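J.: What follows is coords-v7.txt, compact mmCIF, C-alpha atoms.
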# COMPACT_ATOMS: atom_id res chain seq x y z
CA MET A 1 129.57 116.07 88.28
CA SER A 2 131.93 118.52 89.95
CA THR A 3 129.49 121.41 89.57
CA THR A 4 126.56 119.49 91.05
CA GLN A 5 128.71 118.33 93.99
CA THR A 6 129.02 121.90 95.15
CA ARG A 7 125.36 122.92 94.93
CA ALA A 8 124.08 124.90 97.88
CA PRO A 9 120.88 124.07 99.78
CA ARG A 10 117.85 125.15 97.74
CA ASN A 11 114.08 124.60 97.72
CA GLY A 12 114.27 123.39 101.32
CA VAL A 13 116.55 120.57 100.11
CA ASP A 14 119.83 120.07 101.96
CA THR A 15 121.66 119.56 98.68
CA PRO A 16 125.11 118.88 100.16
CA THR A 17 123.65 116.16 102.37
CA LEU A 18 121.71 114.79 99.38
CA PHE A 19 124.96 114.36 97.43
CA ALA A 20 126.76 113.01 100.51
CA THR A 21 123.99 110.42 100.83
CA LEU A 22 124.36 109.46 97.18
CA ASN A 23 128.09 109.03 97.66
CA ALA A 24 127.60 106.97 100.83
CA VAL A 25 125.22 104.62 99.01
CA LYS A 26 127.63 104.32 96.09
CA GLY A 27 130.22 103.15 98.60
CA ASP A 28 127.90 100.67 100.31
CA PRO A 29 124.90 99.63 98.15
CA GLU A 30 123.39 97.69 101.09
CA LEU A 31 122.40 101.08 102.55
CA ALA A 32 119.84 101.40 99.74
CA LYS A 33 117.74 98.45 100.91
CA PHE A 34 114.58 99.69 102.61
CA ARG A 35 111.53 97.95 104.04
CA PHE A 36 108.43 100.04 104.70
CA ARG A 37 105.47 98.85 106.77
CA ALA A 38 101.90 99.61 107.74
CA THR A 39 99.41 97.94 110.04
CA ASN A 40 95.66 98.14 109.46
CA THR A 41 92.70 97.43 111.72
CA TRP A 42 89.08 97.05 110.68
CA ILE A 43 86.70 99.36 112.56
CA SER A 44 83.19 98.79 111.15
CA GLY A 45 81.73 98.33 107.69
CA THR A 46 84.16 99.70 105.12
CA HIS A 47 85.85 101.92 107.73
CA ASN A 48 89.35 100.91 108.80
CA ARG A 49 92.57 102.51 110.02
CA SER A 50 96.26 102.19 109.20
CA VAL A 51 99.24 103.09 111.34
CA ILE A 52 102.58 103.90 109.72
CA ARG A 53 105.74 104.50 111.70
CA GLY A 54 108.72 102.15 111.70
CA PHE A 55 110.80 101.20 108.71
CA TYR A 56 114.14 99.58 108.00
CA GLY A 57 116.68 101.38 105.87
CA ALA A 58 120.30 102.50 105.59
CA GLY A 59 121.33 99.38 107.48
CA GLN A 60 119.17 99.82 110.55
CA GLU A 61 115.71 100.18 112.01
CA ASP A 62 114.67 103.83 111.96
CA THR A 63 114.55 105.65 115.29
CA THR A 64 113.82 109.18 114.07
CA ARG A 65 110.05 108.79 113.75
CA THR A 66 108.79 108.98 117.28
CA ASP A 67 105.05 109.25 116.59
CA ASP A 68 102.56 107.12 114.70
CA PHE A 69 101.06 108.41 111.46
CA THR A 70 97.41 107.29 111.42
CA TYR A 71 95.15 107.22 108.37
CA ASP A 72 91.56 106.06 108.01
CA ALA A 73 89.86 104.84 104.86
CA ASP A 74 86.17 104.35 104.16
CA HIS A 75 83.68 104.23 101.33
CA PRO A 76 81.39 107.21 100.73
CA ALA A 77 77.66 106.96 101.40
CA VAL A 78 76.88 106.34 97.73
CA LEU A 79 79.04 103.21 97.99
CA VAL A 80 77.31 102.13 101.21
CA GLY A 81 80.09 103.37 103.48
CA GLY A 82 80.23 105.86 106.31
CA GLY A 83 82.19 108.53 104.44
CA ASN A 84 84.60 108.88 107.37
CA ALA A 85 87.67 109.08 105.13
CA PRO A 86 88.70 108.81 101.47
CA THR A 87 88.43 105.53 99.65
CA PRO A 88 91.55 103.34 99.36
CA VAL A 89 91.94 104.18 95.65
CA GLU A 90 92.11 107.90 96.41
CA PHE A 91 95.26 107.31 98.46
CA LEU A 92 96.89 106.08 95.25
CA LEU A 93 96.30 109.57 93.81
CA HIS A 94 97.97 111.17 96.83
CA ALA A 95 100.88 108.74 96.46
CA ILE A 96 101.61 109.52 92.81
CA ALA A 97 101.33 113.29 93.21
CA SER A 98 103.48 113.38 96.34
CA CYS A 99 106.15 111.08 94.95
CA ILE A 100 106.73 113.06 91.78
CA THR A 101 106.55 116.39 93.64
CA ALA A 102 109.20 115.31 96.18
CA GLY A 103 111.44 114.25 93.32
CA VAL A 104 110.97 117.55 91.51
CA ALA A 105 112.22 119.47 94.56
CA ASN A 106 115.31 117.26 94.89
CA ILE A 107 116.14 117.32 91.20
CA ALA A 108 115.65 121.08 91.00
CA ALA A 109 118.06 121.55 93.91
CA ALA A 110 120.60 119.26 92.25
CA ARG A 111 120.30 121.21 89.00
CA GLY A 112 120.47 124.62 90.69
CA VAL A 113 116.87 125.61 89.92
CA THR A 114 114.93 127.58 92.53
CA LEU A 115 111.26 126.59 92.52
CA HIS A 116 108.44 129.03 93.17
CA GLU A 117 105.46 126.71 92.91
CA VAL A 118 104.74 123.04 92.27
CA SER A 119 101.12 121.96 92.35
CA SER A 120 99.22 119.18 90.73
CA THR A 121 95.78 117.75 90.19
CA VAL A 122 95.23 114.03 89.81
CA GLU A 123 92.20 112.26 88.40
CA GLY A 124 91.52 108.54 88.26
CA ASP A 125 88.73 106.91 86.27
CA ILE A 126 87.24 103.67 87.53
CA ASP A 127 84.23 101.69 86.35
CA LEU A 128 82.86 99.89 89.39
CA LEU A 129 81.18 97.19 87.27
CA GLY A 130 84.45 95.32 87.88
CA VAL A 131 84.66 95.70 91.64
CA LEU A 132 80.93 95.02 92.00
CA GLY A 133 81.28 91.76 90.08
CA LEU A 134 78.77 92.90 87.43
CA SER A 135 81.09 92.54 84.44
CA GLU A 136 83.99 90.21 83.74
CA ARG A 137 85.18 92.52 80.96
CA VAL A 138 85.76 95.55 83.21
CA ARG A 139 88.92 95.63 85.32
CA ASN A 140 88.70 96.24 89.07
CA GLY A 141 91.17 99.10 89.20
CA TYR A 142 91.64 102.49 87.61
CA GLN A 143 91.38 102.48 83.85
CA GLY A 144 93.68 105.45 83.80
CA ILE A 145 95.18 108.18 85.96
CA ARG A 146 95.97 111.71 84.75
CA VAL A 147 98.30 114.06 86.59
CA THR A 148 98.60 117.71 85.62
CA PHE A 149 101.51 119.62 87.11
CA ARG A 150 101.81 123.37 87.35
CA ILE A 151 105.39 124.42 88.00
CA SER A 152 107.18 127.75 88.15
CA GLY A 153 110.71 128.73 89.06
CA ASP A 154 113.80 130.64 87.96
CA ALA A 155 114.40 128.56 84.84
CA PRO A 156 112.95 128.38 81.33
CA ALA A 157 109.79 126.35 80.76
CA ASP A 158 111.65 123.49 79.07
CA VAL A 159 114.01 123.16 82.06
CA LEU A 160 111.04 123.14 84.46
CA ARG A 161 109.29 120.49 82.35
CA GLY A 162 112.52 118.49 82.41
CA LEU A 163 112.41 118.39 86.22
CA VAL A 164 108.99 116.72 86.15
CA GLU A 165 110.12 114.31 83.43
CA GLN A 166 113.23 113.27 85.37
CA SER A 167 111.18 112.87 88.56
CA ARG A 168 108.68 110.67 86.70
CA ALA A 169 111.53 108.58 85.33
CA ARG A 170 112.81 107.97 88.89
CA SER A 171 109.51 107.78 90.76
CA ALA A 172 108.92 104.69 92.88
CA VAL A 173 105.15 105.21 92.88
CA TYR A 174 104.99 105.83 89.11
CA ASP A 175 106.89 102.59 88.57
CA VAL A 176 104.54 100.57 90.77
CA LEU A 177 101.36 102.14 89.38
CA THR A 178 102.36 101.73 85.74
CA ASN A 179 104.31 98.47 85.83
CA GLY A 180 102.76 96.71 88.79
CA THR A 181 104.56 94.70 91.42
CA ARG A 182 104.14 91.38 93.14
CA VAL A 183 101.69 91.39 96.08
CA ASP A 184 101.55 88.26 98.25
CA ILE A 185 98.70 87.82 100.68
CA ASP A 186 98.72 85.45 103.66
CA VAL A 187 95.76 84.81 105.93
CA VAL A 188 95.76 83.65 109.53
CA ALA A 189 92.18 82.66 110.34
CA ALA A 190 91.52 82.17 114.02
CA MET B 191 70.54 84.71 95.16
CA SER B 192 67.25 84.85 97.04
CA THR B 193 68.94 84.11 100.37
CA THR B 194 71.59 86.78 99.94
CA GLN B 195 68.96 89.33 98.88
CA THR B 196 67.41 89.10 102.34
CA ARG B 197 70.58 89.39 104.41
CA ALA B 198 70.27 91.67 107.41
CA PRO B 199 72.77 94.45 108.22
CA ARG B 200 75.96 92.94 109.66
CA ASN B 201 79.54 94.03 110.45
CA GLY B 202 78.43 97.64 110.22
CA VAL B 203 77.45 97.02 106.59
CA ASP B 204 73.94 98.06 105.51
CA THR B 205 73.52 94.83 103.58
CA PRO B 206 70.03 95.59 102.17
CA THR B 207 71.28 98.90 100.78
CA LEU B 208 74.38 97.12 99.42
CA PHE B 209 72.18 94.73 97.44
CA ALA B 210 69.83 97.56 96.40
CA THR B 211 72.89 99.43 95.08
CA LEU B 212 74.02 96.37 93.14
CA ASN B 213 70.54 96.05 91.60
CA ALA B 214 70.42 99.75 90.73
CA VAL B 215 73.78 99.50 88.94
CA LYS B 216 72.64 96.38 87.10
CA GLY B 217 69.71 98.44 85.81
CA ASP B 218 71.87 101.42 84.81
CA PRO B 219 75.57 100.56 84.33
CA GLU B 220 76.41 104.26 83.84
CA LEU B 221 76.00 104.62 87.61
CA ALA B 222 79.21 102.59 88.03
CA LYS B 223 81.43 105.19 86.38
CA PHE B 224 83.45 107.07 89.01
CA ARG B 225 86.16 109.72 88.82
CA PHE B 226 88.25 110.32 91.94
CA ARG B 227 90.52 113.33 92.40
CA ALA B 228 93.28 114.80 94.55
CA THR B 229 95.18 118.06 94.47
CA ASN B 230 98.72 118.37 95.77
CA THR B 231 100.84 121.39 96.71
CA TRP B 232 104.57 121.45 97.30
CA ILE B 233 105.54 122.92 100.69
CA SER B 234 109.35 122.68 100.98
CA GLY B 235 111.96 120.08 100.15
CA THR B 236 110.28 116.68 99.91
CA HIS B 237 107.34 117.84 102.02
CA ASN B 238 104.02 118.32 100.22
CA ARG B 239 100.29 118.10 100.91
CA SER B 240 97.29 116.57 99.15
CA VAL B 241 93.65 117.49 99.52
CA ILE B 242 90.95 114.93 98.72
CA ARG B 243 87.26 115.74 98.72
CA GLY B 244 85.12 115.84 95.58
CA PHE B 245 84.46 112.95 93.22
CA TYR B 246 82.05 112.08 90.45
CA GLY B 247 80.03 108.89 90.66
CA ALA B 248 76.55 107.38 90.41
CA GLY B 249 75.73 109.92 87.74
CA GLN B 250 76.55 113.07 89.64
CA GLU B 251 79.12 115.11 91.51
CA ASP B 252 79.21 114.04 95.16
CA THR B 253 77.74 116.44 97.71
CA THR B 254 77.97 114.27 100.83
CA ARG B 255 81.60 115.05 101.66
CA THR B 256 81.51 118.48 103.18
CA ASP B 257 85.09 118.65 104.50
CA ASP B 258 88.51 118.29 102.94
CA PHE B 259 90.65 115.28 103.76
CA THR B 260 94.25 116.51 103.97
CA TYR B 261 97.37 114.33 103.86
CA ASP B 262 101.04 115.27 103.92
CA ALA B 263 103.94 113.27 102.58
CA ASP B 264 107.65 113.68 103.17
CA HIS B 265 110.89 111.77 103.18
CA PRO B 266 112.47 110.73 106.49
CA ALA B 267 115.70 112.33 107.69
CA VAL B 268 117.79 109.42 106.44
CA LEU B 269 116.51 110.23 102.95
CA VAL B 270 117.26 113.93 103.38
CA GLY B 271 113.64 114.88 104.17
CA GLY B 272 111.96 116.53 107.11
CA GLY B 273 110.16 113.44 108.39
CA ASN B 274 106.90 115.39 108.64
CA ALA B 275 104.82 112.55 107.22
CA PRO B 276 105.18 109.09 105.68
CA THR B 277 106.82 108.64 102.31
CA PRO B 278 104.63 108.41 99.21
CA VAL B 279 105.31 104.68 98.87
CA GLU B 280 104.00 104.00 102.37
CA PHE B 281 100.59 105.30 101.31
CA LEU B 282 100.50 102.43 98.83
CA LEU B 283 100.67 100.05 101.80
CA HIS B 284 97.74 101.83 103.48
CA ALA B 285 95.81 101.64 100.21
CA ILE B 286 96.19 97.88 99.70
CA ALA B 287 95.37 96.99 103.33
CA SER B 288 92.35 99.27 103.51
CA CYS B 289 90.94 98.18 100.14
CA ILE B 290 91.00 94.47 100.92
CA THR B 291 89.74 95.03 104.48
CA ALA B 292 86.73 97.06 103.27
CA GLY B 293 85.90 94.31 100.81
CA VAL B 294 86.15 91.63 103.50
CA ALA B 295 83.53 93.42 105.60
CA ASN B 296 81.15 93.75 102.65
CA ILE B 297 81.61 90.18 101.46
CA ALA B 298 81.22 88.81 104.98
CA ALA B 299 77.93 90.69 105.35
CA ALA B 300 76.74 89.38 101.98
CA ARG B 301 77.63 85.83 103.01
CA GLY B 302 76.09 86.10 106.47
CA VAL B 303 79.38 85.94 108.37
CA THR B 304 79.79 88.07 111.49
CA LEU B 305 83.36 89.30 111.84
CA HIS B 306 85.12 89.72 115.17
CA GLU B 307 88.48 91.02 113.98
CA VAL B 308 90.24 91.89 110.75
CA SER B 309 93.77 93.22 111.02
CA SER B 310 96.73 93.18 108.71
CA THR B 311 100.37 94.02 108.43
CA VAL B 312 101.90 95.12 105.14
CA GLU B 313 105.56 95.22 104.19
CA GLY B 314 107.12 96.54 101.02
CA ASP B 315 110.72 96.00 99.97
CA ILE B 316 112.44 98.63 97.87
CA ASP B 317 116.05 98.99 96.79
CA LEU B 318 116.73 102.69 96.41
CA LEU B 319 119.60 102.13 93.99
CA GLY B 320 116.89 102.56 91.34
CA VAL B 321 115.35 105.78 92.61
CA LEU B 322 118.78 107.24 93.33
CA GLY B 323 119.88 106.56 89.78
CA LEU B 324 122.78 104.38 90.95
CA SER B 325 121.76 101.24 89.06
CA GLU B 326 119.93 100.73 85.81
CA ARG B 327 119.23 97.11 86.76
CA VAL B 328 117.21 97.94 89.89
CA ARG B 329 113.61 99.05 89.46
CA ASN B 330 112.40 102.28 91.06
CA GLY B 331 109.40 100.79 92.84
CA TYR B 332 108.70 98.06 95.34
CA GLN B 333 110.22 94.72 94.44
CA GLY B 334 107.41 93.07 96.34
CA ILE B 335 104.66 93.70 98.87
CA ARG B 336 103.51 91.20 101.48
CA VAL B 337 100.18 91.47 103.31
CA THR B 338 99.37 89.23 106.26
CA PHE B 339 95.75 89.22 107.40
CA ARG B 340 94.49 88.05 110.75
CA ILE B 341 90.75 87.40 110.66
CA SER B 342 88.27 85.93 113.13
CA GLY B 343 84.49 85.56 113.05
CA ASP B 344 81.60 83.14 113.46
CA ALA B 345 82.61 80.92 110.56
CA PRO B 346 85.17 78.14 109.97
CA ALA B 347 88.72 79.11 109.05
CA ASP B 348 88.28 78.14 105.39
CA VAL B 349 85.22 80.38 105.07
CA LEU B 350 87.13 83.28 106.67
CA ARG B 351 90.06 82.72 104.32
CA GLY B 352 87.57 82.70 101.43
CA LEU B 353 86.43 86.21 102.39
CA VAL B 354 89.96 87.56 102.00
CA GLU B 355 90.43 85.67 98.73
CA GLN B 356 87.20 87.04 97.25
CA SER B 357 88.09 90.56 98.40
CA ARG B 358 91.52 90.26 96.79
CA ALA B 359 89.89 89.07 93.56
CA ARG B 360 87.68 92.19 93.51
CA SER B 361 90.10 94.73 94.94
CA ALA B 362 90.67 97.88 92.90
CA VAL B 363 93.98 98.61 94.63
CA TYR B 364 95.24 95.02 94.26
CA ASP B 365 94.47 95.21 90.54
CA VAL B 366 96.37 98.48 90.09
CA LEU B 367 99.35 97.42 92.22
CA THR B 368 99.76 94.03 90.55
CA ASN B 369 98.74 94.79 86.97
CA GLY B 370 99.57 98.48 86.69
CA THR B 371 97.54 101.13 84.96
CA ARG B 372 98.14 103.94 82.54
CA VAL B 373 99.39 107.18 84.13
CA ASP B 374 99.52 110.28 81.92
CA ILE B 375 101.43 113.33 83.12
CA ASP B 376 100.97 116.84 81.74
CA VAL B 377 103.05 119.84 82.75
CA VAL B 378 102.12 123.50 82.63
CA ALA B 379 105.37 125.44 83.15
CA ALA B 380 104.83 129.11 83.89
Written as structure tokens, how would this file's structure read?
T.:
Amino acid sequence: MSTTQTRAPRNGVDTPTLFATLNAVKGDPELAKFRFRATNTWISGTHNRSVIRGFYGAGQEDTTRTDDFTYDADHPAVLVGGGNAPTPVEFLLHAIASCITAGVANIAAARGVTLHEVSSTVEGDIDLLGVLGLSERVRNGYQGIRVTFRISGDAPADVLRGLVEQSRARSAVYDVLTNGTRVDIDVVAA
Amino acid sequence: MSTTQTRAPRNGVDTPTLFATLNAVKGDPELAKFRFRATNTWISGTHNRSVIRGFYGAGQEDTTRTDDFTYDADHPAVLVGGGNAPTPVEFLLHAIASCITAGVANIAAARGVTLHEVSSTVEGDIDLLGVLGLSERVRNGYQGIRVTFRISGDAPADVLRGLVEQSRARSAVYDVLTNGTRVDIDVVAA
């Protein structure tokens, strides 16, 4: 551990602060409890919009995000939508790629590896017979997702592959997408 | 079925085309097979960017989307990121809200219900002791997600609640988030 504690900033990661954060959370595990949020508003047809900004974490409500992040979703024309934005399921592909990529950068910094490139392509296969209610034997969601990473840096190929593997093993999105989580839905009808 | 087949457009949903699409897929189930894609590129630290545009579906590569949809992700400052965009896990909250909302609009149109408002708030609880590698007993992903819908329209409250319930039962994102799916990861290290 003593070598990793002294890692310099690398890959745009403030490595000393990363280790200081780890040590702070070790000292007070309550700091690790986070609550993220989004609000969504229907616009018309399959077109709707989410706003993401506030969250709770590290023992307090965040004050560093001072602007809303706004994202639309829609169905394409072939699915009788307006095509104003990606479909909801495509945001799952963004989520898995971005989660593992962020982890790779952190882990590389912690291990003293300088990255040159990290890119990925994600594909998800879905048979809409489920969603359309035309088959009870076909699931509603993706039947499978494939992610292909391309990574280069100042380390041997097996070390670079190990960064992706460790990031996968600690990825919040990978965990949710592969293991599922509880989703509770309440409705206020007025 | 005969009454629903003659529904007029409603809620911004082209209901006749929706039913024509359902009938076309019934006649040729291969049309229901879709493949969605995203590409992601690391920028610096935990900041990275996805591009979403092309997809395969209804028997062909889509040509109706003529522009890229581009989305960043990042960690906030408290998690040693640049705060340039939401975290990957927050896009999961956008995905679940937008998927169920799109379905509500379609199902309402099919059932002859005119909607006035559909809005939702989503919260996800996550204990970062898992992601940070500080506890083997804490999962990496969300421990639970809660969605609260507010819906109004020209139908009784129980009918409005039934729209959300039917949309949940046919939601691709709800299925993936609650049941999980297979995610395969390949790495090309150069």
J.: Can you provide chain A as a short mmCIF file (atom, residue, chain, number, x, y, z; two decimals) with C-alpha atoms, in the frame of the given file, superposed onto chain B by least squares across all C-alpha atoms matched in order?
T.:
data_model
loop_
_atom_site.label_atom_id
_atom_site.label_comp_id
_atom_site.auth_asym_id
_atom_site.auth_seq_id
_atom_site.Cartn_x
_atom_site.Cartn_y
_atom_site.Cartn_z
CA MET A 1 70.66 84.74 95.05
CA SER A 2 67.36 84.82 96.91
CA THR A 3 69.01 84.05 100.25
CA THR A 4 71.65 86.77 99.88
CA GLN A 5 68.98 89.32 98.88
CA THR A 6 67.45 89.04 102.31
CA ARG A 7 70.60 89.37 104.40
CA ALA A 8 70.30 91.65 107.39
CA PRO A 9 72.77 94.44 108.21
CA ARG A 10 75.96 92.94 109.68
CA ASN A 11 79.53 94.03 110.44
CA GLY A 12 78.44 97.67 110.22
CA VAL A 13 77.45 97.01 106.59
CA ASP A 14 73.96 98.07 105.52
CA THR A 15 73.52 94.83 103.58
CA PRO A 16 70.05 95.58 102.19
CA THR A 17 71.29 98.88 100.80
CA LEU A 18 74.39 97.13 99.43
CA PHE A 19 72.19 94.73 97.44
CA ALA A 20 69.84 97.55 96.42
CA THR A 21 72.88 99.42 95.09
CA LEU A 22 74.01 96.37 93.14
CA ASN A 23 70.55 96.05 91.63
CA ALA A 24 70.43 99.76 90.75
CA VAL A 25 73.78 99.51 88.95
CA LYS A 26 72.64 96.39 87.11
CA GLY A 27 69.72 98.45 85.83
CA ASP A 28 71.85 101.42 84.82
CA PRO A 29 75.56 100.56 84.32
CA GLU A 30 76.41 104.26 83.84
CA LEU A 31 76.01 104.64 87.62
CA ALA A 32 79.20 102.60 88.04
CA LYS A 33 81.43 105.20 86.38
CA PHE A 34 83.44 107.07 89.01
CA ARG A 35 86.15 109.71 88.83
CA PHE A 36 88.25 110.32 91.94
CA ARG A 37 90.53 113.33 92.40
CA ALA A 38 93.27 114.80 94.54
CA THR A 39 95.17 118.07 94.47
CA ASN A 40 98.73 118.38 95.76
CA THR A 41 100.84 121.39 96.70
CA TRP A 42 104.57 121.45 97.30
CA ILE A 43 105.55 122.92 100.68
CA SER A 44 109.36 122.69 100.98
CA GLY A 45 111.96 120.07 100.15
CA THR A 46 110.28 116.68 99.90
CA HIS A 47 107.33 117.86 102.03
CA ASN A 48 104.03 118.33 100.21
CA ARG A 49 100.30 118.10 100.90
CA SER A 50 97.29 116.58 99.15
CA VAL A 51 93.64 117.48 99.52
CA ILE A 52 90.95 114.92 98.71
CA ARG A 53 87.27 115.74 98.71
CA GLY A 54 85.12 115.84 95.58
CA PHE A 55 84.46 112.97 93.24
CA TYR A 56 82.05 112.09 90.46
CA GLY A 57 80.02 108.92 90.68
CA ALA A 58 76.55 107.40 90.41
CA GLY A 59 75.73 109.95 87.73
CA GLN A 60 76.56 113.10 89.65
CA GLU A 61 79.13 115.13 91.52
CA ASP A 62 79.21 114.05 95.16
CA THR A 63 77.76 116.46 97.72
CA THR A 64 77.98 114.29 100.84
CA ARG A 65 81.62 115.05 101.67
CA THR A 66 81.53 118.48 103.19
CA ASP A 67 85.10 118.67 104.51
CA ASP A 68 88.52 118.30 102.93
CA PHE A 69 90.66 115.28 103.76
CA THR A 70 94.27 116.52 103.96
CA TYR A 71 97.37 114.33 103.86
CA ASP A 72 101.04 115.28 103.92
CA ALA A 73 103.94 113.27 102.57
CA ASP A 74 107.65 113.70 103.19
CA HIS A 75 110.90 111.78 103.18
CA PRO A 76 112.47 110.74 106.49
CA ALA A 77 115.70 112.34 107.69
CA VAL A 78 117.79 109.42 106.43
CA LEU A 79 116.49 110.24 102.94
CA VAL A 80 117.25 113.95 103.39
CA GLY A 81 113.65 114.89 104.17
CA GLY A 82 111.97 116.55 107.11
CA GLY A 83 110.17 113.45 108.38
CA ASN A 84 106.91 115.39 108.65
CA ALA A 85 104.82 112.55 107.21
CA PRO A 86 105.18 109.09 105.67
CA THR A 87 106.83 108.66 102.32
CA PRO A 88 104.61 108.41 99.21
CA VAL A 89 105.31 104.66 98.87
CA GLU A 90 104.00 104.00 102.38
CA PHE A 91 100.58 105.31 101.32
CA LEU A 92 100.48 102.44 98.82
CA LEU A 93 100.66 100.05 101.80
CA HIS A 94 97.73 101.82 103.48
CA ALA A 95 95.79 101.64 100.20
CA ILE A 96 96.17 97.89 99.71
CA ALA A 97 95.38 96.99 103.32
CA SER A 98 92.35 99.27 103.50
CA CYS A 99 90.94 98.18 100.15
CA ILE A 100 91.00 94.48 100.92
CA THR A 101 89.74 95.03 104.48
CA ALA A 102 86.73 97.07 103.28
CA GLY A 103 85.91 94.31 100.82
CA VAL A 104 86.15 91.63 103.49
CA ALA A 105 83.52 93.42 105.60
CA ASN A 106 81.13 93.75 102.65
CA ILE A 107 81.60 90.18 101.46
CA ALA A 108 81.21 88.80 104.98
CA ALA A 109 77.92 90.69 105.35
CA ALA A 110 76.72 89.38 101.99
CA ARG A 111 77.62 85.83 103.01
CA GLY A 112 76.07 86.12 106.48
CA VAL A 113 79.37 85.94 108.38
CA THR A 114 79.78 88.08 111.50
CA LEU A 115 83.36 89.31 111.84
CA HIS A 116 85.12 89.72 115.16
CA GLU A 117 88.48 91.02 114.00
CA VAL A 118 90.24 91.90 110.75
CA SER A 119 93.77 93.23 111.01
CA SER A 120 96.71 93.19 108.71
CA THR A 121 100.37 94.04 108.44
CA VAL A 122 101.90 95.13 105.16
CA GLU A 123 105.56 95.21 104.21
CA GLY A 124 107.12 96.55 101.03
CA ASP A 125 110.72 95.99 99.98
CA ILE A 126 112.44 98.63 97.87
CA ASP A 127 116.05 98.98 96.79
CA LEU A 128 116.71 102.69 96.41
CA LEU A 129 119.61 102.13 93.98
CA GLY A 130 116.88 102.55 91.35
CA VAL A 131 115.33 105.76 92.60
CA LEU A 132 118.77 107.23 93.33
CA GLY A 133 119.88 106.55 89.77
CA LEU A 134 122.78 104.36 90.95
CA SER A 135 121.76 101.22 89.06
CA GLU A 136 119.92 100.70 85.80
CA ARG A 137 119.22 97.09 86.76
CA VAL A 138 117.20 97.92 89.90
CA ARG A 139 113.59 99.04 89.46
CA ASN A 140 112.38 102.27 91.06
CA GLY A 141 109.40 100.79 92.85
CA TYR A 142 108.69 98.05 95.35
CA GLN A 143 110.20 94.72 94.44
CA GLY A 144 107.40 93.07 96.35
CA ILE A 145 104.65 93.71 98.87
CA ARG A 146 103.49 91.19 101.49
CA VAL A 147 100.18 91.46 103.31
CA THR A 148 99.35 89.24 106.26
CA PHE A 149 95.74 89.21 107.40
CA ARG A 150 94.48 88.04 110.75
CA ILE A 151 90.75 87.40 110.67
CA SER A 152 88.27 85.93 113.12
CA GLY A 153 84.51 85.56 113.06
CA ASP A 154 81.61 83.15 113.46
CA ALA A 155 82.61 80.91 110.56
CA PRO A 156 85.16 78.15 109.97
CA ALA A 157 88.72 79.11 109.05
CA ASP A 158 88.28 78.13 105.39
CA VAL A 159 85.21 80.38 105.08
CA LEU A 160 87.11 83.28 106.69
CA ARG A 161 90.05 82.72 104.33
CA GLY A 162 87.57 82.70 101.45
CA LEU A 163 86.42 86.20 102.39
CA VAL A 164 89.96 87.55 102.01
CA GLU A 165 90.42 85.66 98.74
CA GLN A 166 87.19 87.03 97.26
CA SER A 167 88.08 90.55 98.42
CA ARG A 168 91.51 90.25 96.78
CA ALA A 169 89.88 89.05 93.57
CA ARG A 170 87.67 92.18 93.52
CA SER A 171 90.09 94.73 94.94
CA ALA A 172 90.66 97.88 92.90
CA VAL A 173 93.96 98.60 94.64
CA TYR A 174 95.23 95.01 94.27
CA ASP A 175 94.46 95.20 90.56
CA VAL A 176 96.35 98.47 90.09
CA LEU A 177 99.33 97.43 92.22
CA THR A 178 99.75 94.04 90.57
CA ASN A 179 98.73 94.79 86.98
CA GLY A 180 99.57 98.46 86.68
CA THR A 181 97.53 101.11 84.95
CA ARG A 182 98.13 103.93 82.53
CA VAL A 183 99.37 107.18 84.13
CA ASP A 184 99.53 110.27 81.91
CA ILE A 185 101.41 113.32 83.11
CA ASP A 186 100.96 116.84 81.73
CA VAL A 187 103.04 119.83 82.74
CA VAL A 188 102.11 123.50 82.63
CA ALA A 189 105.34 125.44 83.15
CA ALA A 190 104.82 129.10 83.89
#
J.: Quick one: everything within 9 Å of Val78 in chain A, counting all atoms listed in the file, minus sequence neighbours fewer than 3 positions away in the same chain. Send it as JSON, numbers by chain.
T.: {"A": [75, 81, 83], "B": [211, 247, 248, 252, 254]}
J.: Residues at most 12 Å from Asp344 in chain B, counting only C-alpha atoms, excluding those fewer than 6 positions away in the same chain, as a list in words?
T.: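 Non-adjacent residues within range: Ala189 and Ala190 of chain A; Arg200, Asn201, Ala298, Ala299, Arg301, Gly302, Val303, Thr304, Leu305, His306, Glu307 and Leu350 of chain B.
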J.: Tell me which residues come within 12 Å of (110.6, 120.4, 81.3), as a VMD selection string, counting all atoms listed in the file in the file's coordinates.
T.: (chain A and resid 104 107 to 108 113 149 to 153 155 to 168) or (chain B and resid 375 to 380)
J.: When you look at Ile96 in chain A with a cut-off of 8 Å (counting only C-alpha atoms), what residues show up, excluding the ones that are within fewer than 3 positions of it in the same chain? I need them as a PyMOL selection string.
T.: (chain A and resi 92-93+99-100+173-174) or (chain B and resi 278)
J.: For the atom pair CA of Ser120 in chain A and CA of Ala263 in chain B, what is the interatomic distance in Å to one decimal place?
T.: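 So the two atoms, CA of Ser120 in chain A and CA of Ala263 in chain B, lie 14.1 Å apart.
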J.: CA of Arg170 in chain A to CA of Ala97 in chain A: how many Å, to one decimal?
T.: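 Between these atoms lies a distance of 13.4 Å.
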J.: To one decimal place, how far is CA of Phe55 in chain A from CA of Phe36 in chain A in Å?
T.: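 Atom-to-atom, CA of Phe55 in chain A and CA of Phe36 in chain A are spaced 4.8 Å apart.
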J.: Quick one: of A:Asn84, A:Asp68, A:Ala8, A:Gly45, who's nearest to chain B, counting only C-alpha atoms?
T.: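 Looking only at the distances to chain B, the closest residue turns out to be A:Gly45.
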J.: Out of A:Asp74, A:Pro86, A:Gly124, A:Ser119, which residue has the shortest atom-to-atom distance to Gly293 in chain B when counting all atoms listed in the file?
T.: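 Ranking A:Asp74, A:Pro86, A:Gly124, A:Ser119 by distance to Gly293 in chain B, first place goes to A:Asp74.
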